[in-house]
file coords.csv (CSV, C-alpha atoms)
chain,number,residue,atom,x,y,z
N,1,MET,CA,-29.1,30.3,9.7
N,2,ILE,CA,-32.1,31.6,11.7
N,3,LEU,CA,-32.0,31.3,15.5
N,4,THR,CA,-34.9,31.7,17.8
N,5,VAL,CA,-34.3,31.5,21.5
N,6,ARG,CA,-37.2,29.8,23.3
N,7,GLU,CA,-35.8,29.8,26.8
N,8,LEU,CA,-32.6,31.0,28.4
N,9,THR,CA,-31.8,30.9,32.1
N,10,ASP,CA,-28.6,30.2,34.0
N,11,ARG,CA,-29.3,26.5,33.9
N,12,ARG,CA,-31.5,25.9,30.9
N,13,CYS,CA,-31.3,26.9,27.3
N,14,SER,CA,-33.5,26.0,24.4
N,15,PHE,CA,-33.5,27.4,20.9
N,16,VAL,CA,-34.8,26.7,17.4
N,17,VAL,CA,-32.3,26.8,14.7
N,18,GLU,CA,-33.3,26.9,11.0
N,19,GLY,CA,-31.3,26.6,7.8
N,20,THR,CA,-28.6,24.1,9.0
N,21,SER,CA,-28.1,20.3,8.8
N,22,PRO,CA,-28.1,17.5,11.4
N,23,ASP,CA,-24.3,17.0,11.3
N,24,VAL,CA,-23.7,20.6,12.4
N,25,VAL,CA,-26.3,20.4,15.2
N,26,ASN,CA,-24.9,17.1,16.3
N,27,ALA,CA,-21.3,18.4,16.4
N,28,ILE,CA,-22.5,21.1,18.8
N,29,ARG,CA,-24.3,18.6,20.9
N,30,ARG,CA,-21.3,16.3,21.2
N,31,THR,CA,-18.9,19.2,22.0
N,32,LEU,CA,-21.3,20.4,24.7
N,33,ILE,CA,-21.5,17.0,26.4
N,34,SER,CA,-17.9,15.9,26.2
N,35,GLU,CA,-15.6,18.9,25.8
N,36,VAL,CA,-16.9,21.8,27.9
N,37,PRO,CA,-14.8,21.7,31.1
N,38,LYS,CA,-15.7,22.4,34.7
N,39,MET,CA,-14.1,22.1,38.1
N,40,ALA,CA,-14.7,19.0,40.1
N,41,ILE,CA,-13.2,17.4,43.2
N,42,ASP,CA,-10.6,14.9,42.1
N,43,GLU,CA,-8.5,14.1,45.1
N,44,VAL,CA,-9.7,13.7,48.6
N,45,GLU,CA,-7.4,13.3,51.6
N,46,PHE,CA,-9.1,11.9,54.7
N,47,HIS,CA,-7.7,12.5,58.2
N,48,MET,CA,-7.1,9.1,59.8
N,49,GLY,CA,-7.0,8.4,63.5
N,50,PRO,CA,-8.6,10.3,66.4
N,51,ILE,CA,-9.7,14.0,66.0
N,52,ARG,CA,-9.8,16.3,69.0
N,53,ASP,CA,-11.9,19.4,69.4
N,54,GLU,CA,-11.1,22.5,71.5
N,55,GLN,CA,-12.7,21.0,74.6
N,56,GLY,CA,-10.5,18.0,74.4
N,57,ASN,CA,-13.2,15.6,73.3
N,58,GLU,CA,-12.0,12.8,71.2
N,59,TYR,CA,-13.7,11.7,68.0
N,60,ASP,CA,-13.2,8.7,65.8
N,61,SER,CA,-12.6,9.5,62.1
N,62,SER,CA,-15.1,7.1,60.7
N,63,SER,CA,-18.6,7.1,59.3
N,64,ALA,CA,-21.3,4.9,58.0
N,65,LEU,CA,-20.1,5.2,54.4
N,66,PHE,CA,-16.9,4.1,52.9
N,67,ASP,CA,-14.3,6.8,52.3
N,68,GLU,CA,-14.5,6.1,48.5
N,69,ILE,CA,-18.3,6.7,48.5
N,70,ILE,CA,-17.9,10.0,50.4
N,71,ALA,CA,-15.2,11.1,47.9
N,72,HIS,CA,-17.4,10.1,45.0
N,73,ARG,CA,-20.4,12.0,46.5
N,74,MET,CA,-18.2,15.1,47.0
N,75,ALA,CA,-16.9,14.9,43.4
N,76,LEU,CA,-20.5,15.0,42.1
N,77,VAL,CA,-21.3,18.3,43.9
N,78,PRO,CA,-21.3,21.1,41.3
N,79,ILE,CA,-18.5,23.6,41.9
N,80,PRO,CA,-19.0,27.2,40.5
N,81,THR,CA,-16.7,27.5,37.5
N,82,VAL,CA,-15.9,30.7,35.6
N,83,LEU,CA,-14.4,29.1,32.5
N,84,LYS,CA,-12.0,31.9,31.7
N,85,ASP,CA,-10.5,31.9,35.2
N,86,PHE,CA,-9.2,28.3,35.2
N,87,THR,CA,-6.8,26.3,33.1
N,88,PHE,CA,-6.2,22.5,32.9
N,89,ARG,CA,-3.5,21.4,35.3
N,90,ASP,CA,-1.2,20.0,32.7
N,91,GLN,CA,-1.4,23.2,30.7
N,92,CYS,CA,-1.0,25.5,33.7
N,93,GLU,CA,2.0,27.8,34.2
N,94,CYS,CA,2.7,26.0,37.6
N,95,GLU,CA,3.5,22.9,35.6
N,96,GLY,CA,1.1,20.7,37.4
N,97,SER,CA,2.1,21.4,41.0
N,98,GLY,CA,-1.2,23.2,41.7
N,99,CYS,CA,-1.9,26.9,41.9
N,100,PRO,CA,-5.0,29.1,42.1
N,101,HIS,CA,-5.3,29.1,38.3
N,102,CYS,CA,-5.8,25.3,38.1
N,103,THR,CA,-6.7,24.1,41.6
N,104,ILE,CA,-9.2,24.8,44.3
N,105,ILE,CA,-8.7,23.3,47.8
N,106,TYR,CA,-11.7,22.7,50.0
N,107,VAL,CA,-11.6,21.7,53.7
N,108,MET,CA,-14.5,20.0,55.5
N,109,ASN,CA,-14.4,19.6,59.2
N,110,LYS,CA,-17.5,18.3,60.9
N,111,LYS,CA,-18.1,16.5,64.2
N,112,GLY,CA,-21.1,14.3,65.0
N,113,PRO,CA,-23.9,14.0,65.6
N,114,CYS,CA,-24.8,15.8,62.4
N,115,THR,CA,-25.5,15.6,58.7
N,116,VAL,CA,-22.6,16.7,56.5
N,117,PHE,CA,-23.8,18.9,53.7
N,118,SER,CA,-22.1,20.1,50.5
N,119,GLY,CA,-22.2,23.6,52.1
N,120,ASP,CA,-19.7,22.5,54.7
N,121,LEU,CA,-17.0,22.4,51.9
N,122,GLN,CA,-15.0,25.5,52.8
N,123,PRO,CA,-12.7,26.8,50.0
N,124,LEU,CA,-9.2,27.9,51.0
N,125,GLY,CA,-8.9,31.5,49.9
N,126,ASP,CA,-11.5,32.9,47.5
N,127,VAL,CA,-15.0,32.8,49.1
N,128,THR,CA,-16.7,33.1,45.7
N,129,LEU,CA,-15.8,29.5,45.1
N,130,ARG,CA,-18.2,28.3,47.8
N,131,VAL,CA,-20.5,25.6,46.6
N,132,LYS,CA,-23.9,27.2,45.6
N,133,GLU,CA,-26.0,24.1,46.2
N,134,GLU,CA,-25.5,24.0,50.0
N,135,LEU,CA,-28.0,21.4,51.1
N,136,ILE,CA,-26.8,18.2,49.3
N,137,PRO,CA,-26.3,15.6,52.0
N,138,ILE,CA,-22.8,13.9,51.8
N,139,VAL,CA,-22.9,11.6,54.8
N,140,LYS,CA,-24.4,11.4,58.3
N,141,LEU,CA,-22.3,11.2,61.5
N,142,LYS,CA,-23.3,9.9,64.9
N,143,GLU,CA,-21.9,10.7,68.3
N,144,LYS,CA,-18.1,10.4,68.6
N,145,GLN,CA,-17.7,10.4,64.8
N,146,ALA,CA,-16.0,13.1,62.9
N,147,LEU,CA,-14.9,14.0,59.4
N,148,LEU,CA,-11.8,16.0,58.4
N,149,VAL,CA,-11.0,16.1,54.8
N,150,TYR,CA,-9.0,18.1,52.3
N,151,ALA,CA,-10.4,18.0,48.8
N,152,THR,CA,-8.7,19.2,45.6
N,153,ALA,CA,-10.8,20.3,42.7
N,154,ILE,CA,-9.3,20.5,39.2
N,155,LEU,CA,-10.5,21.3,35.7
N,156,GLY,CA,-11.6,18.4,33.5
N,157,THR,CA,-13.9,17.4,30.7
N,158,GLY,CA,-16.8,15.0,30.5
N,159,LYS,CA,-14.6,12.7,28.3
N,160,ASP,CA,-12.8,11.6,31.4
N,161,HIS,CA,-15.6,11.5,34.0
N,162,ALA,CA,-19.2,12.6,34.3
N,163,LYS,CA,-18.3,14.7,37.3
N,164,TRP,CA,-16.5,17.1,34.8
N,165,GLN,CA,-19.5,17.4,32.6
N,166,PRO,CA,-21.3,20.7,33.2
N,167,VAL,CA,-24.0,20.0,30.6
N,168,THR,CA,-26.4,17.3,31.8
N,169,VAL,CA,-29.3,16.8,29.5
N,170,CYS,CA,-28.5,17.9,25.9
N,171,GLY,CA,-30.3,17.0,22.7
N,172,TYR,CA,-32.1,18.2,19.7
N,173,LYS,CA,-35.1,17.0,17.7
N,174,TYR,CA,-36.2,17.6,14.2
N,175,PHE,CA,-38.8,20.3,13.8
N,176,PRO,CA,-42.0,18.7,12.8
N,177,LYS,CA,-43.9,19.2,9.6
N,178,LEU,CA,-47.4,18.1,8.8
N,179,TYR,CA,-48.4,17.8,5.2
N,180,LEU,CA,-50.9,16.4,2.8
N,181,SER,CA,-49.4,13.8,0.5
N,182,SER,CA,-50.4,15.6,-2.7
N,183,MET,CA,-50.2,19.1,-1.4
N,184,ASN,CA,-48.1,21.7,-3.2
N,185,HIS,CA,-45.1,21.8,-0.9
N,186,LYS,CA,-44.1,25.3,-2.0
N,187,ASP,CA,-47.2,26.7,-0.3
N,188,PRO,CA,-45.9,27.5,3.2
N,189,GLU,CA,-49.3,28.5,4.5
N,190,ASN,CA,-50.7,25.0,4.1
N,191,ARG,CA,-47.6,23.0,4.6
N,192,TYR,CA,-47.3,22.9,8.4
N,193,GLY,CA,-50.2,22.5,10.9
N,194,ILE,CA,-52.4,20.2,12.8
N,195,TRP,CA,-55.4,18.6,11.2
N,196,ASP,CA,-58.7,19.5,12.9
N,197,ALA,CA,-61.1,16.8,12.0
N,198,GLU,CA,-64.2,18.7,13.1
N,199,ASP,CA,-63.6,21.9,11.1
N,200,LYS,CA,-61.7,19.9,8.4
N,201,LYS,CA,-58.7,22.3,8.3
N,202,PHE,CA,-55.2,22.6,9.5
N,203,ILE,CA,-54.5,24.5,12.7
N,204,VAL,CA,-51.0,25.7,13.4
N,205,GLU,CA,-50.5,25.7,17.1
N,206,ASN,CA,-47.5,24.7,19.2
N,207,LEU,CA,-46.0,22.9,16.4
N,208,ASP,CA,-42.7,22.5,18.3
N,209,HIS,CA,-44.5,20.4,20.9
N,210,VAL,CA,-45.4,17.7,18.3
N,211,ASP,CA,-43.5,14.6,19.3
N,212,LEU,CA,-43.5,12.8,15.9
N,213,CYS,CA,-45.2,9.8,17.5
N,214,HIS,CA,-47.6,9.4,14.5
N,215,LYS,CA,-50.4,8.7,16.9
N,216,CYS,CA,-52.6,11.4,15.3
N,217,VAL,CA,-52.1,9.9,11.9
N,218,GLN,CA,-52.9,6.4,13.2
N,219,THR,CA,-56.0,7.6,15.0
N,220,LEU,CA,-57.3,9.5,12.1
N,221,GLU,CA,-56.8,6.6,9.8
N,222,ALA,CA,-58.4,4.2,12.2
N,223,ASN,CA,-61.5,6.4,12.4
N,224,ASN,CA,-61.5,7.4,8.7
N,225,ALA,CA,-61.7,11.0,9.9
N,226,GLY,CA,-58.6,12.3,8.2
N,227,PRO,CA,-58.4,14.5,5.1
N,228,GLU,CA,-58.4,13.2,1.6
N,229,PRO,CA,-55.6,12.9,0.3
N,230,LYS,CA,-54.0,11.5,3.4
N,231,PHE,CA,-51.7,13.6,5.6
N,232,ASP,CA,-48.5,12.7,7.3
N,233,VAL,CA,-46.1,13.9,10.0
N,234,ALA,CA,-42.4,14.0,9.5
N,235,GLY,CA,-39.3,15.8,10.9
N,236,ARG,CA,-37.5,18.5,8.9
N,237,ASP,CA,-33.8,18.0,8.5
N,238,ASP,CA,-33.1,21.7,8.1
N,239,LYS,CA,-34.7,23.0,11.3
N,240,PHE,CA,-34.1,21.7,14.9
N,241,ILE,CA,-35.2,22.3,18.4
N,242,PHE,CA,-32.1,22.2,20.5
N,243,SER,CA,-32.2,22.2,24.3
N,244,PHE,CA,-29.8,21.5,27.1
N,245,GLU,CA,-29.5,22.0,30.9
N,246,THR,CA,-26.4,22.5,33.1
N,247,ASP,CA,-25.8,21.4,36.6
N,248,GLY,CA,-25.4,24.9,37.8
N,249,SER,CA,-21.6,25.1,37.8
N,250,VAL,CA,-21.4,26.8,34.4
N,251,LYS,CA,-24.0,29.2,33.0
N,252,ALA,CA,-25.9,27.7,30.0
N,253,LYS,CA,-24.9,30.6,27.7
N,254,ASP,CA,-21.2,30.4,28.7
N,255,ALA,CA,-21.2,26.6,28.1
N,256,LEU,CA,-22.7,27.1,24.6
N,257,GLU,CA,-20.3,29.9,23.7
N,258,TYR,CA,-17.4,27.8,25.0
N,259,ALA,CA,-18.5,24.8,22.9
N,260,LEU,CA,-18.8,26.9,19.8
N,261,THR,CA,-15.4,28.5,20.2
N,262,LEU,CA,-13.9,25.0,20.8
N,263,LEU,CA,-15.6,23.7,17.6
N,264,ALA,CA,-14.4,26.7,15.6
N,265,GLY,CA,-10.9,26.1,16.9
N,266,LYS,CA,-11.0,22.5,15.7
N,267,TYR,CA,-12.1,23.5,12.2
N,268,ASP,CA,-9.3,26.2,12.1
N,269,GLU,CA,-6.8,23.6,13.0
N,270,PHE,CA,-8.2,21.3,10.3
N,271,ARG,CA,-8.0,24.1,7.7
N,272,ASP,CA,-4.3,24.8,8.7
N,273,GLN,CA,-3.4,21.2,8.1
N,274,ILE,CA,-5.1,21.2,4.7
N,275,SER,CA,-3.1,24.2,3.6
N,276,GLY,CA,0.0,22.3,4.7
N,277,LEU,CA,-1.0,19.4,2.5
N,278,ASP,CA,-1.2,21.8,-0.5
N,279,LYS,CA,2.3,23.1,0.0
N,280,LYS,CA,3.7,19.5,0.2
N,281,LYS,CA,2.0,18.6,-3.1
N,282,SER,CA,3.5,21.6,-5.0
K,1,MET,CA,-28.8,4.1,51.9
K,2,ILE,CA,-28.5,7.9,51.5
K,3,ILE,CA,-30.1,9.9,48.7
K,4,PRO,CA,-27.8,10.0,45.6
K,5,VAL,CA,-26.3,13.4,44.8
K,6,ARG,CA,-27.5,13.2,41.2
K,7,CYS,CA,-30.1,11.5,39.1
K,8,PHE,CA,-28.5,8.2,37.8
K,9,THR,CA,-29.8,8.8,34.3
K,10,CYS,CA,-29.7,12.5,33.4
K,11,GLY,CA,-27.2,13.8,35.9
K,12,LYS,CA,-29.5,16.5,37.4
K,13,VAL,CA,-28.4,17.5,40.9
K,14,ILE,CA,-31.3,16.3,43.2
K,15,GLY,CA,-29.7,15.5,46.6
K,16,GLN,CA,-30.6,18.9,48.1
K,17,LEU,CA,-34.4,18.4,47.3
K,18,TYR,CA,-34.9,15.2,49.2
K,19,ASP,CA,-35.3,16.6,52.7
K,20,GLU,CA,-38.1,18.9,51.5
K,21,PHE,CA,-39.7,16.1,49.5
K,22,ASN,CA,-39.7,13.7,52.4
K,23,LEU,CA,-41.1,16.3,54.9
K,24,ARG,CA,-43.9,17.4,52.6
K,25,VAL,CA,-44.9,13.9,51.6
K,26,GLN,CA,-44.9,12.7,55.2
K,27,GLY,CA,-47.0,15.7,56.0
K,28,GLY,CA,-49.7,14.3,53.8
K,29,GLU,CA,-49.1,16.1,50.5
K,30,ASP,CA,-49.5,14.4,47.2
K,31,ALA,CA,-46.1,13.2,45.9
K,32,LYS,CA,-46.9,14.2,42.3
K,33,LYS,CA,-47.6,17.7,43.3
K,34,VAL,CA,-44.4,18.0,45.4
K,35,LEU,CA,-42.3,16.5,42.6
K,36,ASP,CA,-43.8,19.0,40.1
K,37,GLU,CA,-43.2,21.9,42.5
K,38,LEU,CA,-39.6,20.8,43.1
K,39,GLY,CA,-39.0,21.1,39.3
K,40,LEU,CA,-38.4,17.4,38.7
K,41,GLU,CA,-40.1,17.0,35.3
K,42,ARG,CA,-38.4,13.9,33.8
K,43,TYR,CA,-39.4,10.5,35.0
K,44,CYS,CA,-35.8,9.5,35.6
K,45,CYS,CA,-35.4,12.2,38.3
K,46,ARG,CA,-38.8,11.5,39.8
K,47,ARG,CA,-38.1,7.8,40.3
K,48,MET,CA,-34.9,8.7,42.3
K,49,PHE,CA,-37.2,10.0,45.1
K,50,LEU,CA,-40.2,7.7,44.7
K,51,THR,CA,-38.0,4.5,44.9
K,52,HIS,CA,-35.5,5.7,47.4
K,53,VAL,CA,-35.2,3.8,50.7
K,54,ASP,CA,-33.4,5.9,53.3
K,55,LEU,CA,-31.4,3.4,55.3
K,56,ILE,CA,-28.5,5.6,56.5
K,57,ASP,CA,-30.0,6.0,60.0
K,58,GLN,CA,-30.2,2.3,60.5
K,59,ILE,CA,-26.7,1.7,59.1
K,60,MET,CA,-25.0,4.5,61.2
K,61,PRO,CA,-24.3,2.4,64.3
K,62,TYR,CA,-22.2,0.0,62.3
K,63,SER,CA,-19.3,2.0,61.1

call {"tool": "encode", "arguments": {"input": "coords.csv", "output": "structure tokens"}}
result
Amino acid sequence: MILTVRELTDRRCSFVVEGTSPDVVNAIRRTLISEVPKMAIDEVEFHMGPIRDEQGNEYDSSSALFDEIIAHRMALVPIPTVLKDFTFRDQCECEGSGCPHCTIIYVMNKKGPCTVFSGDLQPLGDVTLRVKEELIPIVKLKEKQALLVYATAILGTGKDHAKWQPVTVCGYKYFPKLYLSSMNHKDPENRYGIWDAEDKKFIVENLDHVDLCHKCVQTLEANNAGPEPKFDVAGRDDKFIFSFETDGSVKAKDALEYALTLLAGKYDEFRDQISGLDKKKS
Amino acid sequence: MIIPVRCFTCGKVIGQLYDEFNLRVQGGEDAKKVLDELGLERYCCRRMFLTHVDLIDQIMPYS
């Protein structure tokens, strides 16, 4: 397996992988999307009734949006997650009652007139858990309106809700190959490239940008400008361009590493069970 | 109503970009250029801004 990294930042990752098969790459894709966990707000408790400030002014705890919509918007805000620091609540040593290993509690206390932003979510305790994307508007408040909420974030996976899915756009495409129908396929120099009608030769340039739309083939055929014998474009099923983005809560590299560890763990479990079968048989 | 937190289709977080987009487009800049500079490359994220009608200010009095 040959791996070439095309791009790697905190939020984006793209690489070309050669010498594998679609099922392996697809397993990685599926694991990245549905099984890499992240923290997200799951329970929101709204203060009901009047809210008073230090000057004795009274505010009404209401706003233009329904509480459910505010809670949903808060849940979609990415919360910075270091995967090794958190465990799922049902697997935590606190047995589900909520502790710093499985739960983050945020407080939001705003009085109108103002716009409530994601940056107003104040974590109780560790300040490194502050939301990084601070300017996402949650709701707007007018005079005499106020919002006091306690929000609980827990770890979850994309299987349960999209708010727990750190990897947003994730996919792979077959690496393109361009070839003449009667060309010797063992000759790597001539196998891949783009046909230049003017100079009557293949030019290999940005082959990974080829979309496999076949428009070049159709255009050449329509104008009778293509090479003889005819050439065609196809995807290779042993080389892939894999790319994904994260929402900023988990670093792209961490997400990929976690997904691969998870996948390896599943195969280990499978292998253990197969060895169990062997014993039963004998 | 109010700008969605994420793109409906791909899930990219876009809410924080709307204020800047709105200000710059109202200031006379070309929407295409602003969207490009904000890093919205897919058409799913771009339509979130282009088709959004910000009604929250009109709705606010009726809580």

call {"tool": "atom_distance", "arguments": {"input": "coords.csv", "atom1": "atom CA of Leu38 of chain K", "atom2": "atom CA of Asp19 of chain K"}}
result
11.3 Å

call {"tool": "interface_residues", "arguments": {"input": "coords.csv", "of": "chain N", "to": "chain K", "cutoff": "10 Å", "atoms": "only C-alpha atoms", "output": "MDAnalysis selection string"}}
result
chainID N and resid 62:66 72:78 117:118 133:143 145 162:163 165:170 245:248

call {"tool": "residues_near_point", "arguments": {"input": "coords.csv", "point": "(-41.3, 21.3, 13.1)", "cutoff": "6 Å", "atoms": "only C-alpha atoms", "output": "list of chain:residue names"}}
result
N:Phe175, N:Pro176, N:Lys177, N:Leu207, N:Asp208

call {"tool": "atom_distance", "arguments": {"input": "coords.csv", "atom1": "atom CA of Val25 of chain N", "atom2": "atom CA of Tyr174 of chain N"}}
result
10.3 Å

call {"tool": "atom_distance", "arguments": {"input": "coords.csv", "atom1": "atom CA of Met39 of chain N", "atom2": "atom CA of Val24 of chain N"}}
result
27.5 Å

call {"tool": "residues_near_point", "arguments": {"input": "coords.csv", "point": "(-34.5, 6.9, 37.2)", "cutoff": "8 Å", "atoms": "all atoms listed in the file", "output": "list in words"}}
result
Cys7, Phe8, Thr9, Tyr43, Cys44, Cys45, Arg46, Arg47 and Met48 of chain K
